[in-house]
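Reading through the C-alpha coordinates given below for one structure.
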Amino acid sequence: MIVTALCLTATLTWTTDVSAASPGQPVVARVEMKFATGEEIVDVIAKGDLLTVVEDRGDDYVIVTHDGTRGAVDKVNAVELAESTAIYTELIEEFPDEGRYYTLRASAWWALGKEEKALEDFNTAIEKGYKEAHAYSSRGLFMAARGKHAEAIEDYDRALKIDPDDITPLINRAAVHMGQGEYEKAISDYSDALEVRKNNAALLRQRAIAYKAAGKLDQAIADFDTIVDADAEDVAAIMGRGYIRFQQQEFAAAAADFSAALELNDEDPVAWNNRGYNRYQLGKAEQALADYNKAIELAPNYALAHQNRAWLLATVQDESLRDPQAAIQSAEKACEINSYGNIGDLSALAAAYAAAGNFKDAVGWQEKVVEIAPPDVKTFAEKMLTRYRNEKPYIADPVAAEKAEREAAEAAAAAEAEKKNAAAIREAAAKLEAESKLKGNANGEVESP
(Lines give C-alpha, C1' and ligand atoms only; values in the text may rest on other atoms or scores of the structure.)
Protein backbone atom coordinates (compact mmCIF):
# COMPACT_ATOMS: atom_id res chain seq x y z
CA MET A 1 0.00 0.00 0.00
CA ILE A 2 1.29 3.51 -0.84
CA VAL A 3 0.50 6.23 1.65
CA THR A 4 0.64 9.94 0.95
CA ALA A 5 3.38 12.07 2.47
CA LEU A 6 1.97 15.14 4.17
CA CYS A 7 4.34 17.95 5.04
CA LEU A 8 3.16 19.11 8.47
CA THR A 9 5.71 21.90 8.73
CA ALA A 10 4.98 25.40 7.51
CA THR A 11 4.20 25.74 3.82
CA LEU A 12 7.42 26.40 1.85
CA THR A 13 7.96 27.55 -1.70
CA TRP A 14 11.14 26.28 -3.34
CA THR A 15 12.62 28.38 -6.12
CA THR A 16 15.48 26.03 -7.04
CA ASP A 17 15.25 23.77 -10.08
CA VAL A 18 14.02 20.27 -9.35
CA SER A 19 16.10 17.50 -10.92
CA ALA A 20 14.83 13.97 -11.32
CA ALA A 21 16.38 10.94 -9.63
CA SER A 22 16.25 7.55 -11.29
CA PRO A 23 14.72 4.48 -9.61
CA GLY A 24 17.17 2.99 -7.14
CA GLN A 25 18.91 6.29 -6.45
CA PRO A 26 18.86 7.92 -3.01
CA VAL A 27 17.25 11.28 -2.37
CA VAL A 28 17.35 13.43 0.76
CA ALA A 29 14.34 14.87 2.59
CA ARG A 30 14.39 18.70 2.61
CA VAL A 31 11.90 18.93 5.47
CA GLU A 32 10.17 16.78 8.03
CA MET A 33 7.30 14.79 6.51
CA LYS A 34 4.76 12.36 7.87
CA PHE A 35 3.20 9.40 6.15
CA ALA A 36 -0.48 9.06 6.96
CA THR A 37 -3.42 6.92 6.01
CA GLY A 38 -6.46 8.93 6.85
CA GLU A 39 -5.90 10.22 10.37
CA GLU A 40 -3.27 7.64 11.29
CA ILE A 41 0.42 8.59 11.15
CA VAL A 42 2.34 5.52 9.96
CA ASP A 43 5.85 6.93 9.63
CA VAL A 44 7.81 10.14 10.07
CA ILE A 45 10.58 11.25 7.74
CA ALA A 46 13.02 13.62 9.36
CA LYS A 47 14.79 16.39 7.54
CA GLY A 48 17.98 14.91 6.06
CA ASP A 49 16.73 11.30 5.96
CA LEU A 50 17.89 9.22 3.01
CA LEU A 51 15.07 7.80 0.89
CA THR A 52 15.30 5.33 -1.98
CA VAL A 53 13.41 6.21 -5.16
CA VAL A 54 11.21 3.41 -6.45
CA GLU A 55 9.35 5.27 -9.18
CA ASP A 56 9.31 8.74 -10.75
CA ARG A 57 5.67 9.78 -11.27
CA GLY A 58 6.29 13.25 -12.65
CA ASP A 59 5.48 15.60 -9.78
CA ASP A 60 6.36 13.13 -7.05
CA TYR A 61 8.50 10.12 -6.20
CA VAL A 62 7.40 6.78 -4.83
CA ILE A 63 10.06 6.12 -2.21
CA VAL A 64 11.04 3.59 0.45
CA THR A 65 12.33 4.72 3.84
CA HIS A 66 15.21 3.08 5.70
CA ASP A 67 12.74 0.97 7.73
CA GLY A 68 10.81 -0.20 4.66
CA THR A 69 7.83 2.16 4.59
CA ARG A 70 6.71 2.89 1.06
CA GLY A 71 5.05 6.17 0.15
CA ALA A 72 4.86 9.17 -2.16
CA VAL A 73 6.66 12.50 -1.67
CA ASP A 74 6.53 15.69 -3.71
CA LYS A 75 9.71 16.26 -5.69
CA VAL A 76 10.10 19.72 -4.19
CA ASN A 77 10.54 18.05 -0.80
CA ALA A 78 13.46 15.81 -1.86
CA VAL A 79 16.84 16.47 -3.46
CA GLU A 80 19.52 14.23 -4.89
CA LEU A 81 22.40 13.32 -2.59
CA ALA A 82 24.90 15.54 -4.41
CA GLU A 83 22.61 18.54 -3.84
CA SER A 84 22.10 17.95 -0.11
CA THR A 85 25.20 19.48 1.53
CA ALA A 86 23.30 22.63 2.52
CA ILE A 87 20.63 20.56 4.26
CA TYR A 88 23.19 18.71 6.35
CA THR A 89 25.11 21.91 7.10
CA GLU A 90 21.90 23.37 8.54
CA LEU A 91 21.39 20.26 10.65
CA ILE A 92 25.01 20.31 11.86
CA GLU A 93 24.66 23.95 12.89
CA GLU A 94 21.49 23.06 14.80
CA PHE A 95 22.90 19.84 16.29
CA PRO A 96 26.72 20.29 16.33
CA ASP A 97 27.35 17.17 18.41
CA GLU A 98 25.27 14.82 16.27
CA GLY A 99 27.90 12.78 14.44
CA ARG A 100 25.40 11.11 12.14
CA TYR A 101 24.87 14.32 10.19
CA TYR A 102 28.59 14.55 9.52
CA THR A 103 28.58 11.07 7.97
CA LEU A 104 25.61 12.00 5.82
CA ARG A 105 27.21 15.23 4.67
CA ALA A 106 30.39 13.28 3.98
CA SER A 107 28.43 11.09 1.58
CA ALA A 108 27.08 14.22 -0.11
CA TRP A 109 30.59 15.67 -0.44
CA TRP A 110 31.72 12.35 -1.90
CA ALA A 111 28.88 12.44 -4.44
CA LEU A 112 30.14 15.90 -5.45
CA GLY A 113 33.69 14.58 -5.85
CA LYS A 114 35.02 16.66 -2.94
CA GLU A 115 37.07 13.92 -1.32
CA GLU A 116 38.97 15.95 1.25
CA LYS A 117 35.78 17.48 2.65
CA ALA A 118 34.24 14.00 2.78
CA LEU A 119 37.18 12.58 4.72
CA GLU A 120 37.12 15.52 7.13
CA ASP A 121 33.44 14.89 7.90
CA PHE A 122 33.91 11.14 8.33
CA ASN A 123 36.72 11.77 10.81
CA THR A 124 34.75 14.45 12.66
CA ALA A 125 31.76 12.13 13.08
CA ILE A 126 33.92 9.47 14.73
CA GLU A 127 35.83 12.01 16.81
CA LYS A 128 32.52 13.29 18.16
CA GLY A 129 31.78 9.82 19.45
CA TYR A 130 29.60 8.52 16.65
CA LYS A 131 30.73 4.90 16.92
CA GLU A 132 28.02 3.20 14.90
CA ALA A 133 29.23 0.39 12.69
CA HIS A 134 28.10 2.14 9.53
CA ALA A 135 30.30 5.16 10.34
CA TYR A 136 33.40 2.98 10.06
CA SER A 137 31.96 0.99 7.19
CA SER A 138 31.18 4.17 5.23
CA ARG A 139 34.63 5.60 5.87
CA GLY A 140 36.09 2.26 4.81
CA LEU A 141 34.35 2.55 1.44
CA PHE A 142 35.82 6.01 1.04
CA MET A 143 39.31 4.79 1.96
CA ALA A 144 39.05 1.89 -0.47
CA ALA A 145 37.97 4.24 -3.27
CA ARG A 146 41.07 6.35 -2.61
CA GLY A 147 43.33 3.30 -2.73
CA LYS A 148 44.06 3.33 1.01
CA HIS A 149 43.51 -0.38 1.40
CA ALA A 150 45.07 -0.88 4.84
CA GLU A 151 42.95 1.93 6.32
CA ALA A 152 39.83 0.51 4.64
CA ILE A 153 40.46 -2.95 6.08
CA GLU A 154 40.98 -1.43 9.53
CA ASP A 155 37.64 0.40 9.34
CA TYR A 156 35.81 -2.72 8.13
CA ASP A 157 37.34 -4.72 10.96
CA ARG A 158 36.08 -2.16 13.49
CA ALA A 159 32.62 -2.17 11.95
CA LEU A 160 32.45 -5.95 12.21
CA LYS A 161 33.49 -5.88 15.86
CA ILE A 162 30.74 -3.38 16.63
CA ASP A 163 28.05 -5.24 14.69
CA PRO A 164 29.07 -8.83 13.78
CA ASP A 165 25.62 -9.49 12.30
CA ASP A 166 26.03 -6.85 9.59
CA ILE A 167 27.72 -8.55 6.65
CA THR A 168 28.04 -5.37 4.57
CA PRO A 169 31.56 -4.58 5.85
CA LEU A 170 32.44 -8.25 5.31
CA ILE A 171 31.46 -7.98 1.64
CA ASN A 172 33.26 -4.67 1.28
CA ARG A 173 36.39 -6.10 2.91
CA ALA A 174 36.31 -9.00 0.47
CA ALA A 175 36.28 -6.50 -2.41
CA VAL A 176 39.40 -4.84 -1.02
CA HIS A 177 41.12 -8.23 -0.69
CA MET A 178 40.26 -8.91 -4.34
CA GLY A 179 41.77 -5.60 -5.38
CA GLN A 180 44.98 -6.48 -3.56
CA GLY A 181 45.17 -9.94 -5.08
CA GLU A 182 44.54 -11.65 -1.72
CA TYR A 183 42.05 -14.07 -3.20
CA GLU A 184 42.00 -16.60 -0.37
CA LYS A 185 41.04 -13.88 2.12
CA ALA A 186 38.31 -12.71 -0.24
CA ILE A 187 37.01 -16.26 -0.59
CA SER A 188 36.89 -16.59 3.20
CA ASP A 189 34.92 -13.34 3.56
CA TYR A 190 32.45 -14.26 0.83
CA SER A 191 32.02 -17.70 2.40
CA ASP A 192 31.26 -16.14 5.80
CA ALA A 193 28.73 -13.82 4.17
CA LEU A 194 27.10 -16.79 2.45
CA GLU A 195 26.59 -18.41 5.85
CA VAL A 196 24.18 -15.54 6.52
CA ARG A 197 22.72 -15.16 3.03
CA LYS A 198 22.43 -18.74 1.91
CA ASN A 199 22.87 -19.26 -1.83
CA ASN A 200 22.68 -15.51 -2.53
CA ALA A 201 23.34 -15.20 -6.26
CA ALA A 202 25.35 -11.96 -6.01
CA LEU A 203 27.63 -13.38 -3.32
CA LEU A 204 28.03 -16.69 -5.13
CA ARG A 205 28.98 -14.78 -8.27
CA GLN A 206 31.60 -12.75 -6.40
CA ARG A 207 33.02 -15.86 -4.74
CA ALA A 208 33.15 -17.61 -8.11
CA ILE A 209 35.19 -14.70 -9.46
CA ALA A 210 37.51 -14.98 -6.45
CA TYR A 211 37.86 -18.73 -6.98
CA LYS A 212 38.65 -18.12 -10.64
CA ALA A 213 41.30 -15.54 -9.76
CA ALA A 214 42.81 -17.99 -7.27
CA GLY A 215 43.00 -20.67 -9.95
CA LYS A 216 40.35 -22.82 -8.26
CA LEU A 217 38.31 -23.31 -11.39
CA ASP A 218 36.29 -26.33 -10.21
CA GLN A 219 35.05 -24.40 -7.15
CA ALA A 220 34.16 -21.45 -9.38
CA ILE A 221 32.17 -23.77 -11.64
CA ALA A 222 30.36 -25.16 -8.59
CA ASP A 223 29.26 -21.67 -7.52
CA PHE A 224 28.03 -20.84 -11.01
CA ASP A 225 26.21 -24.19 -11.10
CA THR A 226 24.40 -23.28 -7.88
CA ILE A 227 23.27 -19.97 -9.37
CA VAL A 228 22.09 -21.54 -12.63
CA ASP A 229 20.33 -24.40 -10.83
CA ALA A 230 18.29 -21.80 -8.95
CA ASP A 231 17.76 -19.54 -11.97
CA ALA A 232 18.26 -21.07 -15.39
CA GLU A 233 17.95 -17.61 -16.96
CA ASP A 234 20.86 -16.00 -15.10
CA VAL A 235 22.83 -15.06 -18.20
CA ALA A 236 25.77 -13.62 -16.28
CA ALA A 237 26.30 -16.90 -14.42
CA ILE A 238 26.01 -18.93 -17.62
CA MET A 239 28.53 -16.66 -19.36
CA GLY A 240 30.88 -16.81 -16.38
CA ARG A 241 30.73 -20.59 -16.30
CA GLY A 242 31.31 -20.77 -20.05
CA TYR A 243 34.45 -18.69 -19.80
CA ILE A 244 35.89 -20.89 -17.06
CA ARG A 245 35.09 -24.01 -19.08
CA PHE A 246 37.02 -22.42 -21.94
CA GLN A 247 39.96 -21.90 -19.56
CA GLN A 248 39.74 -25.57 -18.67
CA GLN A 249 39.84 -26.34 -22.41
CA GLU A 250 36.40 -27.91 -22.19
CA PHE A 251 35.49 -26.30 -25.49
CA ALA A 252 32.30 -28.25 -26.16
CA ALA A 253 30.89 -27.43 -22.70
CA ALA A 254 31.94 -23.80 -23.07
CA ALA A 255 30.28 -23.53 -26.48
CA ALA A 256 27.12 -25.04 -25.00
CA ASP A 257 27.06 -22.40 -22.26
CA PHE A 258 27.47 -19.56 -24.73
CA SER A 259 24.73 -21.09 -26.88
CA ALA A 260 22.46 -21.15 -23.82
CA ALA A 261 23.31 -17.51 -23.14
CA LEU A 262 22.43 -16.62 -26.73
CA GLU A 263 19.06 -18.32 -26.40
CA LEU A 264 18.33 -15.88 -23.58
CA ASN A 265 19.91 -12.85 -25.26
CA ASP A 266 20.90 -13.12 -28.91
CA GLU A 267 21.96 -9.47 -29.00
CA ASP A 268 25.11 -10.02 -26.94
CA PRO A 269 28.21 -9.73 -29.17
CA VAL A 270 30.47 -11.15 -26.45
CA ALA A 271 28.47 -14.39 -26.36
CA TRP A 272 28.69 -14.68 -30.16
CA ASN A 273 32.44 -14.05 -30.14
CA ASN A 274 33.07 -16.48 -27.29
CA ARG A 275 31.02 -19.24 -28.85
CA GLY A 276 32.84 -18.66 -32.12
CA TYR A 277 36.24 -19.08 -30.50
CA ASN A 278 35.26 -22.30 -28.77
CA ARG A 279 33.71 -23.64 -31.94
CA TYR A 280 36.96 -22.93 -33.76
CA GLN A 281 38.84 -24.92 -31.13
CA LEU A 282 36.44 -27.79 -31.87
CA GLY A 283 37.34 -27.66 -35.57
CA LYS A 284 34.07 -25.98 -36.58
CA ALA A 285 35.70 -23.17 -38.52
CA GLU A 286 32.73 -22.29 -40.72
CA GLN A 287 30.38 -21.97 -37.74
CA ALA A 288 33.03 -20.00 -35.85
CA LEU A 289 33.35 -17.54 -38.73
CA ALA A 290 29.58 -17.05 -38.77
CA ASP A 291 29.66 -16.31 -35.03
CA TYR A 292 32.45 -13.76 -35.41
CA ASN A 293 30.56 -12.08 -38.24
CA LYS A 294 27.45 -11.84 -36.08
CA ALA A 295 29.42 -10.36 -33.18
CA ILE A 296 30.86 -7.70 -35.52
CA GLU A 297 27.41 -7.01 -36.96
CA LEU A 298 26.12 -6.29 -33.46
CA ALA A 299 29.22 -4.39 -32.35
CA PRO A 300 31.20 -3.01 -35.33
CA ASN A 301 33.99 -1.77 -33.06
CA TYR A 302 34.41 -5.02 -31.16
CA ALA A 303 38.18 -5.36 -31.58
CA LEU A 304 38.55 -8.90 -30.25
CA ALA A 305 35.95 -10.24 -32.68
CA HIS A 306 37.83 -8.61 -35.56
CA GLN A 307 41.09 -10.08 -34.27
CA ASN A 308 39.63 -13.58 -33.92
CA ARG A 309 38.15 -13.35 -37.41
CA ALA A 310 41.54 -12.32 -38.78
CA TRP A 311 43.30 -15.28 -37.16
CA LEU A 312 40.72 -17.70 -38.58
CA LEU A 313 40.87 -16.32 -42.12
CA ALA A 314 44.67 -16.27 -42.08
CA THR A 315 45.40 -19.68 -40.57
CA VAL A 316 42.40 -21.98 -41.11
CA GLN A 317 43.29 -25.31 -42.73
CA ASP A 318 40.17 -25.32 -44.90
CA GLU A 319 41.33 -23.56 -48.07
CA SER A 320 37.74 -22.73 -49.01
CA LEU A 321 37.54 -20.51 -45.91
CA ARG A 322 41.08 -19.11 -45.89
CA ASP A 323 41.11 -15.51 -47.13
CA PRO A 324 44.36 -13.65 -46.39
CA GLN A 325 43.16 -10.32 -47.82
CA ALA A 326 40.02 -10.35 -45.67
CA ALA A 327 42.20 -11.36 -42.74
CA ILE A 328 44.39 -8.29 -43.32
CA GLN A 329 41.28 -6.06 -43.34
CA SER A 330 39.97 -7.55 -40.08
CA ALA A 331 43.35 -7.31 -38.36
CA GLU A 332 43.79 -3.70 -39.49
CA LYS A 333 40.34 -2.85 -38.10
CA ALA A 334 41.24 -4.40 -34.73
CA CYS A 335 44.51 -2.45 -34.71
CA GLU A 336 42.71 0.82 -35.51
CA ILE A 337 40.19 0.29 -32.71
CA ASN A 338 42.97 -0.34 -30.20
CA SER A 339 45.27 2.37 -31.61
CA TYR A 340 47.84 -0.22 -32.67
CA GLY A 341 48.67 -0.96 -29.06
CA ASN A 342 47.35 -4.50 -28.63
CA ILE A 343 49.88 -7.28 -29.16
CA GLY A 344 47.22 -9.77 -30.27
CA ASP A 345 45.98 -7.42 -32.99
CA LEU A 346 49.49 -6.75 -34.28
CA SER A 347 50.33 -10.47 -34.24
CA ALA A 348 47.19 -11.22 -36.26
CA LEU A 349 48.10 -8.53 -38.78
CA ALA A 350 51.60 -9.96 -39.23
CA ALA A 351 50.18 -13.48 -39.64
CA ALA A 352 47.64 -12.23 -42.20
CA TYR A 353 50.36 -10.58 -44.30
CA ALA A 354 52.42 -13.77 -44.11
CA ALA A 355 49.40 -15.79 -45.26
CA ALA A 356 49.11 -13.42 -48.23
CA GLY A 357 52.78 -14.00 -49.09
CA ASN A 358 53.70 -10.41 -48.21
CA PHE A 359 56.57 -11.31 -45.91
CA LYS A 360 58.09 -7.83 -45.97
CA ASP A 361 55.07 -6.35 -44.17
CA ALA A 362 54.73 -9.48 -42.04
CA VAL A 363 58.30 -8.94 -40.80
CA GLY A 364 57.66 -5.24 -40.19
CA TRP A 365 54.59 -5.82 -38.00
CA GLN A 366 56.15 -8.78 -36.21
CA GLU A 367 59.12 -6.61 -35.30
CA LYS A 368 56.67 -4.29 -33.52
CA VAL A 369 55.23 -7.32 -31.74
CA VAL A 370 58.69 -8.30 -30.50
CA GLU A 371 59.28 -4.74 -29.27
CA ILE A 372 56.23 -4.73 -26.99
CA ALA A 373 56.04 -8.44 -26.13
CA PRO A 374 56.19 -9.23 -22.40
CA PRO A 375 58.85 -11.73 -21.29
CA ASP A 376 56.49 -14.72 -21.26
CA VAL A 377 55.69 -14.40 -24.99
CA LYS A 378 58.82 -12.71 -26.36
CA THR A 379 60.51 -16.02 -27.26
CA PHE A 380 57.48 -17.12 -29.28
CA ALA A 381 57.29 -13.70 -30.96
CA GLU A 382 60.96 -13.90 -31.93
CA LYS A 383 60.51 -17.39 -33.40
CA MET A 384 57.61 -16.12 -35.52
CA LEU A 385 59.76 -13.21 -36.69
CA THR A 386 62.42 -15.70 -37.80
CA ARG A 387 59.80 -17.69 -39.71
CA TYR A 388 58.56 -14.61 -41.56
CA ARG A 389 62.11 -13.61 -42.40
CA ASN A 390 62.54 -17.11 -43.83
CA GLU A 391 59.30 -16.53 -45.80
CA LYS A 392 57.34 -19.13 -43.90
CA PRO A 393 53.73 -18.64 -42.75
CA TYR A 394 52.45 -18.50 -39.18
CA ILE A 395 52.27 -21.73 -37.24
CA ALA A 396 50.90 -22.21 -33.75
CA ASP A 397 53.83 -24.31 -32.55
CA PRO A 398 57.04 -23.04 -34.15
CA VAL A 399 59.20 -25.26 -31.93
CA ALA A 400 57.44 -28.38 -33.17
CA ALA A 401 57.56 -27.01 -36.71
CA GLU A 402 61.29 -26.37 -36.44
CA LYS A 403 61.81 -29.90 -35.12
CA ALA A 404 59.74 -31.40 -37.92
CA GLU A 405 61.51 -29.30 -40.54
CA ARG A 406 64.90 -30.22 -39.07
CA GLU A 407 64.01 -33.92 -39.00
CA ALA A 408 62.70 -33.73 -42.57
CA ALA A 409 65.90 -31.99 -43.69
CA GLU A 410 68.03 -34.56 -41.89
CA ALA A 411 66.03 -37.41 -43.44
CA ALA A 412 66.38 -35.85 -46.90
CA ALA A 413 70.13 -35.37 -46.37
CA ALA A 414 70.48 -38.96 -45.18
CA ALA A 415 68.57 -40.23 -48.20
CA GLU A 416 70.70 -38.13 -50.52
CA ALA A 417 73.86 -39.37 -48.82
CA GLU A 418 72.67 -42.97 -49.09
CA LYS A 419 71.89 -42.42 -52.75
CA LYS A 420 75.32 -40.95 -53.37
CA ASN A 421 76.96 -43.76 -51.39
CA ALA A 422 75.12 -46.42 -53.41
CA ALA A 423 76.20 -44.72 -56.63
CA ALA A 424 79.78 -44.60 -55.42
CA ILE A 425 79.69 -48.27 -54.52
CA ARG A 426 78.32 -49.14 -57.94
CA GLU A 427 80.94 -46.99 -59.60
CA ALA A 428 83.72 -48.61 -57.55
CA ALA A 429 82.43 -52.10 -58.35
CA ALA A 430 82.29 -51.30 -62.04
CA LYS A 431 85.79 -49.92 -61.92
CA LEU A 432 87.11 -53.03 -60.16
CA GLU A 433 85.41 -55.24 -62.68
CA ALA A 434 86.93 -53.30 -65.58
CA GLU A 435 90.36 -53.42 -64.03
CA SER A 436 90.00 -57.16 -63.50
CA LYS A 437 89.16 -57.70 -67.15
CA LEU A 438 92.13 -55.66 -68.27
CA LYS A 439 94.42 -57.66 -66.03
CA GLY A 440 93.04 -60.97 -67.33
CA ASN A 441 93.61 -60.02 -70.94
CA ALA A 442 97.16 -59.03 -70.15
CA ASN A 443 97.82 -62.52 -68.78
CA GLY A 444 96.44 -64.22 -71.93
CA GLU A 445 93.45 -65.64 -70.18
CA VAL A 446 90.52 -66.77 -72.30
CA GLU A 447 86.98 -66.25 -71.27
CA SER A 448 84.87 -69.34 -70.85
CA PRO A 449 82.36 -69.92 -73.67
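Following the order of the C-alpha coordinates, first chain is A, next is B, and so on, with residues numbered from 1 inside each chain and ligands from 1 in the order they appear.
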
Neighbouring residues of Val363 (chain A) were defined as those with any atom within 10 Å, considering only C-alpha atoms; residues of the same chain fewer than 5 positions away were excluded. Please report them as a PDB file with N, CA, C and O atoms, in the first residue's frame.
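Once written, around_29.pdb looks like this:
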ATOM      1  N   ALA A 350      50.386  -9.375 -38.667  1.00  0.00           N
ATOM      2  CA  ALA A 350      51.600  -9.962 -39.227  1.00  0.00           C
ATOM      3  C   ALA A 350      51.311 -11.325 -39.841  1.00  0.00           C
ATOM      4  O   ALA A 350      51.778 -11.635 -40.946  1.00  0.00           O
ATOM      5  N   ALA A 351      50.519 -12.142 -39.136  1.00  0.00           N
ATOM      6  CA  ALA A 351      50.176 -13.476 -39.641  1.00  0.00           C
ATOM      7  C   ALA A 351      49.360 -13.377 -40.925  1.00  0.00           C
ATOM      8  O   ALA A 351      49.533 -14.191 -41.850  1.00  0.00           O
ATOM      9  N   TYR A 353      49.469 -10.935 -43.197  1.00  0.00           N
ATOM     10  CA  TYR A 353      50.364 -10.582 -44.303  1.00  0.00           C
ATOM     11  C   TYR A 353      51.203 -11.785 -44.737  1.00  0.00           C
ATOM     12  O   TYR A 353      51.447 -11.993 -45.927  1.00  0.00           O
ATOM     13  N   ALA A 354      51.647 -12.581 -43.764  1.00  0.00           N
ATOM     14  CA  ALA A 354      52.425 -13.774 -44.105  1.00  0.00           C
ATOM     15  C   ALA A 354      51.579 -14.745 -44.918  1.00  0.00           C
ATOM     16  O   ALA A 354      52.062 -15.355 -45.875  1.00  0.00           O
ATOM     17  N   ASN A 358      53.028 -11.706 -48.333  1.00  0.00           N
ATOM     18  CA  ASN A 358      53.704 -10.413 -48.208  1.00  0.00           C
ATOM     19  C   ASN A 358      54.576 -10.456 -46.956  1.00  0.00           C
ATOM     20  O   ASN A 358      54.221  -9.922 -45.906  1.00  0.00           O
ATOM     21  N   LYS A 368      57.364  -5.101 -34.522  1.00  0.00           N
ATOM     22  CA  LYS A 368      56.674  -4.290 -33.519  1.00  0.00           C
ATOM     23  C   LYS A 368      56.148  -5.175 -32.389  1.00  0.00           C
ATOM     24  O   LYS A 368      56.149  -4.776 -31.222  1.00  0.00           O
ATOM     25  N   VAL A 369      55.696  -6.381 -32.761  1.00  0.00           N
ATOM     26  CA  VAL A 369      55.227  -7.324 -31.742  1.00  0.00           C
ATOM     27  C   VAL A 369      56.361  -7.665 -30.789  1.00  0.00           C
ATOM     28  O   VAL A 369      56.193  -7.660 -29.562  1.00  0.00           O
ATOM     29  N   MET A 384      58.477 -16.441 -34.400  1.00  0.00           N
ATOM     30  CA  MET A 384      57.609 -16.121 -35.524  1.00  0.00           C
ATOM     31  C   MET A 384      58.295 -15.115 -36.448  1.00  0.00           C
ATOM     32  O   MET A 384      58.159 -15.202 -37.679  1.00  0.00           O
ATOM     33  N   LEU A 385      59.028 -14.173 -35.868  1.00  0.00           N
ATOM     34  CA  LEU A 385      59.758 -13.214 -36.695  1.00  0.00           C
ATOM     35  C   LEU A 385      60.772 -13.934 -37.576  1.00  0.00           C
ATOM     36  O   LEU A 385      60.913 -13.612 -38.774  1.00  0.00           O
ATOM     37  N   THR A 386      61.463 -14.909 -37.015  1.00  0.00           N
ATOM     38  CA  THR A 386      62.424 -15.700 -37.796  1.00  0.00           C
ATOM     39  C   THR A 386      61.731 -16.424 -38.936  1.00  0.00           C
ATOM     40  O   THR A 386      62.243 -16.479 -40.067  1.00  0.00           O
ATOM     41  N   ARG A 387      60.547 -16.992 -38.653  1.00  0.00           N
ATOM     42  CA  ARG A 387      59.798 -17.694 -39.705  1.00  0.00           C
ATOM     43  C   ARG A 387      59.452 -16.740 -40.843  1.00  0.00           C
ATOM     44  O   ARG A 387      59.603 -17.071 -42.025  1.00  0.00           O
ATOM     45  N   TYR A 388      58.945 -15.558 -40.512  1.00  0.00           N
ATOM     46  CA  TYR A 388      58.557 -14.613 -41.564  1.00  0.00           C
ATOM     47  C   TYR A 388      59.770 -14.150 -42.360  1.00  0.00           C
ATOM     48  O   TYR A 388      59.687 -13.965 -43.586  1.00  0.00           O
ATOM     49  N   ARG A 389      60.885 -13.971 -41.668  1.00  0.00           N
ATOM     50  CA  ARG A 389      62.109 -13.610 -42.396  1.00  0.00           C
ATOM     51  C   ARG A 389      62.542 -14.726 -43.340  1.00  0.00           C
ATOM     52  O   ARG A 389      63.147 -14.459 -44.388  1.00  0.00           O
ATOM     53  N   ASN A 390      62.244 -15.951 -42.965  1.00  0.00           N
ATOM     54  CA  ASN A 390      62.542 -17.105 -43.831  1.00  0.00           C
ATOM     55  C   ASN A 390      61.410 -17.395 -44.806  1.00  0.00           C
ATOM     56  O   ASN A 390      61.393 -18.445 -45.459  1.00  0.00           O
ATOM     57  N   GLU A 391      60.455 -16.442 -44.885  1.00  0.00           N
ATOM     58  CA  GLU A 391      59.305 -16.533 -45.797  1.00  0.00           C
ATOM     59  C   GLU A 391      58.490 -17.796 -45.569  1.00  0.00           C
ATOM     60  O   GLU A 391      58.119 -18.521 -46.490  1.00  0.00           O
TER      61      GLU A 391
END

Identify all residues of region 60-266 of chain A in helix (DSSP H, G or I) (DSSP on the backbone) and supply them as a ChimeraX atom specification.
/A:75-77,81-83,85-94,99-112,115-127,133-145,149-162,168-179,183-196,201-213,217-230,235-247,251-264

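Checking A:Ala295, A:Ile63, A:Ala46, A:Leu346 one by one against Val370 (chain A), counting only C-alpha atoms, you find the shortest gap at A:Leu346.
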
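Here the question is which of A:His149, A:Arg105, A:His134, A:Lys383 gets nearest to Glu120 (chain A) using only C-alpha atoms, and that residue is A:Arg105.
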